[in-house]
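To keep things clear, I will list the structure first and then write my remarks on it.
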Amino acid sequence: MLEQGPVVISFYRGGWCPYCNLELRALQQALPEIKKLGAQLVAISPESPDNSLTTKEKNELEFQVLWDQENIIGKEYGIVFEYPEYLVEAYRSFGLSIALRNGSSRHQLPIPATFVLDQDGIIRFVFAEEDYTLRVQIKEILDCLRKIKL
């Protein structure tokens, strides 16, 4: 991907998360501007391919949505955490097994995060927030891409 220009990487928790869906839709709306600035956009989640495809279709996303099996990529970026048993039980009470959706036995999620990499693979922008309700402002991504383009 980097050989074609900068890359915007959005790590999200899963299609079950309403905040993630809002962010993915906002990124979709910004996609024409992101492309105009010569960049590509990819979203990465620990959700299994079937669930990732459902998220992509539900949100009518025109960018790649990839499966990070066992959070391998997220771990490389240092954004994965093991969530506690009380959250496992809380999610279960809502009929949600994140481990099952992710095709994993581990109770792990990425912190919602956005990275902008320049064509040399250098991270030029990071937004990572433990409070999953707070998300990157699209303007920050576009501003970073404009600076890279200069």
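Each chain of the structure tokens is named A, B, ... in the order shown, its residues numbered from 1; ligands are numbered from 1 in display order.
When DSSP is run on the backbone, the residues of stretch 61-104 of chain A that fall into helix (DSSP H, G or I) are Gln69, Glu70, Asn71, Ile72, Ile73, Gly74, Lys75, Glu76, Glu85, Tyr86, Leu87, Val88, Glu89, Ala90, Tyr91, Arg92, Ser93, Ile98, Ala99, Leu100, Arg101 and Asn102 of chain A.
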Counting only C-alpha atoms, what is within 8 Å of A:Glu82, bar same-chain residues fewer than 2 positions away, as an mmCIF file with C-alpha atoms, in the first residue's frame?
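Written output follows (result05.cif):
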```
data_model
loop_
_atom_site.group_PDB
_atom_site.id
_atom_site.type_symbol
_atom_site.label_atom_id
_atom_site.label_comp_id
_atom_site.auth_asym_id
_atom_site.auth_seq_id
_atom_site.Cartn_x
_atom_site.Cartn_y
_atom_site.Cartn_z
ATOM 1 C CA VAL A 80 -4.243 -4.102 22.377
ATOM 2 C CA PRO A 84 -11.406 -7.962 32.476
ATOM 3 C CA ARG A 106 -8.797 -14.483 24.039
ATOM 4 C CA HIS A 107 -10.637 -11.516 25.479
ATOM 5 C CA GLN A 108 -8.689 -8.785 23.738
ATOM 6 C CA LEU A 109 -9.570 -5.613 21.893
#
```
>> Give me, as a list in words, all polymer residues having an atom no more than 12 Å from A:Lys56, counting only C-alpha atoms and skipping those fewer than 6 positions away in the same chain.
In response: Gly14, Gly15, Cys20, Asn21, Leu24, Arg25, Gln28, Val42, Ala43, Ile44, Ser45, Glu47, Pro49, Asp50, Glu62, Phe63, Gln64, Val65, Leu66 and Trp67 of chain A
Those same residues, written as an mmCIF file, in the first residue's frame with N, CA and C atoms?
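Contents of selection-v5.cif, freshly written:
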```
data_model
loop_
_atom_site.group_PDB
_atom_site.id
_atom_site.type_symbol
_atom_site.label_atom_id
_atom_site.label_comp_id
_atom_site.auth_asym_id
_atom_site.auth_seq_id
_atom_site.Cartn_x
_atom_site.Cartn_y
_atom_site.Cartn_z
ATOM 1 N N GLY A 14 -14.991 -3.301 16.660
ATOM 2 C CA GLY A 14 -15.854 -4.258 15.982
ATOM 3 C C GLY A 14 -17.151 -3.616 15.539
ATOM 4 N N GLY A 15 -17.838 -4.289 14.647
ATOM 5 C CA GLY A 15 -19.100 -3.782 14.127
ATOM 6 C C GLY A 15 -20.208 -3.726 15.156
ATOM 7 N N CYS A 20 -17.701 2.835 16.879
ATOM 8 C CA CYS A 20 -16.874 2.395 15.750
ATOM 9 C C CYS A 20 -17.621 2.599 14.435
ATOM 10 N N ASN A 21 -18.903 2.260 14.420
ATOM 11 C CA ASN A 21 -19.689 2.432 13.202
ATOM 12 C C ASN A 21 -19.796 3.900 12.816
ATOM 13 N N LEU A 24 -16.418 4.834 11.322
ATOM 14 C CA LEU A 24 -16.246 4.255 9.992
ATOM 15 C C LEU A 24 -17.054 5.026 8.954
ATOM 16 N N ARG A 25 -18.265 5.426 9.301
ATOM 17 C CA ARG A 25 -19.086 6.211 8.368
ATOM 18 C C ARG A 25 -18.468 7.583 8.108
ATOM 19 N N GLN A 28 -15.713 7.089 5.754
ATOM 20 C CA GLN A 28 -16.256 6.872 4.408
ATOM 21 C C GLN A 28 -16.615 8.209 3.759
ATOM 22 N N VAL A 42 -7.509 2.245 5.259
ATOM 23 C CA VAL A 42 -7.807 0.862 5.604
ATOM 24 C C VAL A 42 -8.274 0.825 7.056
ATOM 25 N N ALA A 43 -9.286 0.012 7.326
ATOM 26 C CA ALA A 43 -9.767 -0.193 8.695
ATOM 27 C C ALA A 43 -9.394 -1.609 9.110
ATOM 28 N N ILE A 44 -8.972 -1.749 10.360
ATOM 29 C CA ILE A 44 -8.506 -3.044 10.863
ATOM 30 C C ILE A 44 -9.217 -3.359 12.170
ATOM 31 N N SER A 45 -9.708 -4.593 12.264
ATOM 32 C CA SER A 45 -10.450 -5.032 13.444
ATOM 33 C C SER A 45 -10.106 -6.487 13.736
ATOM 34 N N GLU A 47 -12.273 -8.608 14.392
ATOM 35 C CA GLU A 47 -13.448 -9.405 14.013
ATOM 36 C C GLU A 47 -13.119 -10.350 12.866
ATOM 37 N N PRO A 49 -13.465 -12.547 9.408
ATOM 38 C CA PRO A 49 -13.810 -12.030 8.083
ATOM 39 C C PRO A 49 -15.312 -11.890 7.832
ATOM 40 N N ASP A 50 -16.117 -12.860 8.256
ATOM 41 C CA ASP A 50 -17.565 -12.753 8.048
ATOM 42 C C ASP A 50 -18.135 -11.529 8.749
ATOM 43 N N GLU A 62 -16.348 1.808 1.225
ATOM 44 C CA GLU A 62 -15.674 1.595 -0.052
ATOM 45 C C GLU A 62 -14.166 1.443 0.117
ATOM 46 N N PHE A 63 -13.713 1.317 1.349
ATOM 47 C CA PHE A 63 -12.296 1.098 1.608
ATOM 48 C C PHE A 63 -12.123 -0.290 2.222
ATOM 49 N N GLN A 64 -10.880 -0.745 2.265
ATOM 50 C CA GLN A 64 -10.608 -2.090 2.775
ATOM 51 C C GLN A 64 -10.884 -2.189 4.275
ATOM 52 N N VAL A 65 -11.490 -3.299 4.654
ATOM 53 C CA VAL A 65 -11.704 -3.632 6.062
ATOM 54 C C VAL A 65 -11.037 -4.990 6.273
ATOM 55 N N LEU A 66 -10.013 -5.000 7.107
ATOM 56 C CA LEU A 66 -9.186 -6.195 7.257
ATOM 57 C C LEU A 66 -9.332 -6.829 8.635
ATOM 58 N N TRP A 67 -9.117 -8.141 8.671
ATOM 59 C CA TRP A 67 -9.160 -8.915 9.914
ATOM 60 C C TRP A 67 -7.764 -8.979 10.504
#
```
> Neighbours of A:Gly103 within 9 Å (only C-alpha atoms; same-chain residues fewer than 2 positions away dropped), as a list in words?
Replying inline: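 Everything that qualifies: Pro46, Glu47, Ser48, Gln69, Glu70, Ile98, Ala99, Leu100, Arg101, Ser105 and Arg106 of chain A.
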> Near A:Gly121, counting only C-alpha atoms, which residues have an atom at most 12 Å away, once you skip same-chain residues fewer than 5 positions from it, shown as number ranges by chain?
Replying inline: A: 1-9, 115-116, 148
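Take the candidates A:Glu140, A:Glu33, A:Glu57, A:Glu76 and check each one against A:Pro110 using only C-alpha atoms; the shortest distance goes to A:Glu76.
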> Of the candidates A:Gly38, A:Gly95, A:Pro112, A:Pro32, which one gets nearest to A:Gly74 if we count only C-alpha atoms?
Replying inline: A:Pro112
>> I'd like the contact shell of A:Ile141 - 10 Å cut-off, only C-alpha atoms, skipping same-chain residues fewer than 6 positions apart - returned as JSON, numbers by chain.
In response: {"A": [8, 27, 30, 34, 114, 115, 116, 124, 125, 126, 127]}
Generate a file of the selected residues that holds C-alpha atoms, formatted as a compact mmCIF listing (two decimals), in the first residue's frame.
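Here's the written file result_8.txt:
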```txt
# COMPACT_ATOMS: atom_id res chain seq x y z
CA VAL A 8 -4.50 6.04 6.98
CA LEU A 27 -14.14 8.02 7.36
CA ALA A 30 -13.97 11.71 4.00
CA ILE A 34 -8.35 11.29 1.50
CA THR A 114 -5.85 6.06 13.91
CA PHE A 115 -2.38 6.21 12.38
CA VAL A 116 -1.20 8.11 9.32
CA ARG A 124 3.26 11.00 11.02
CA PHE A 125 0.09 11.12 13.13
CA VAL A 126 -1.41 9.05 15.95
CA PHE A 127 -4.71 9.27 17.73
```
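The residue that comes closest to A:Tyr83, out of A:Leu117, A:Lys35, A:Gln29, A:Ile111 and on the basis of only C-alpha atoms, is A:Ile111.
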>> Can you tell me, as a count of residues only, which residues in chain A count as strand (DSSP E) by DSSP?
In response: 32
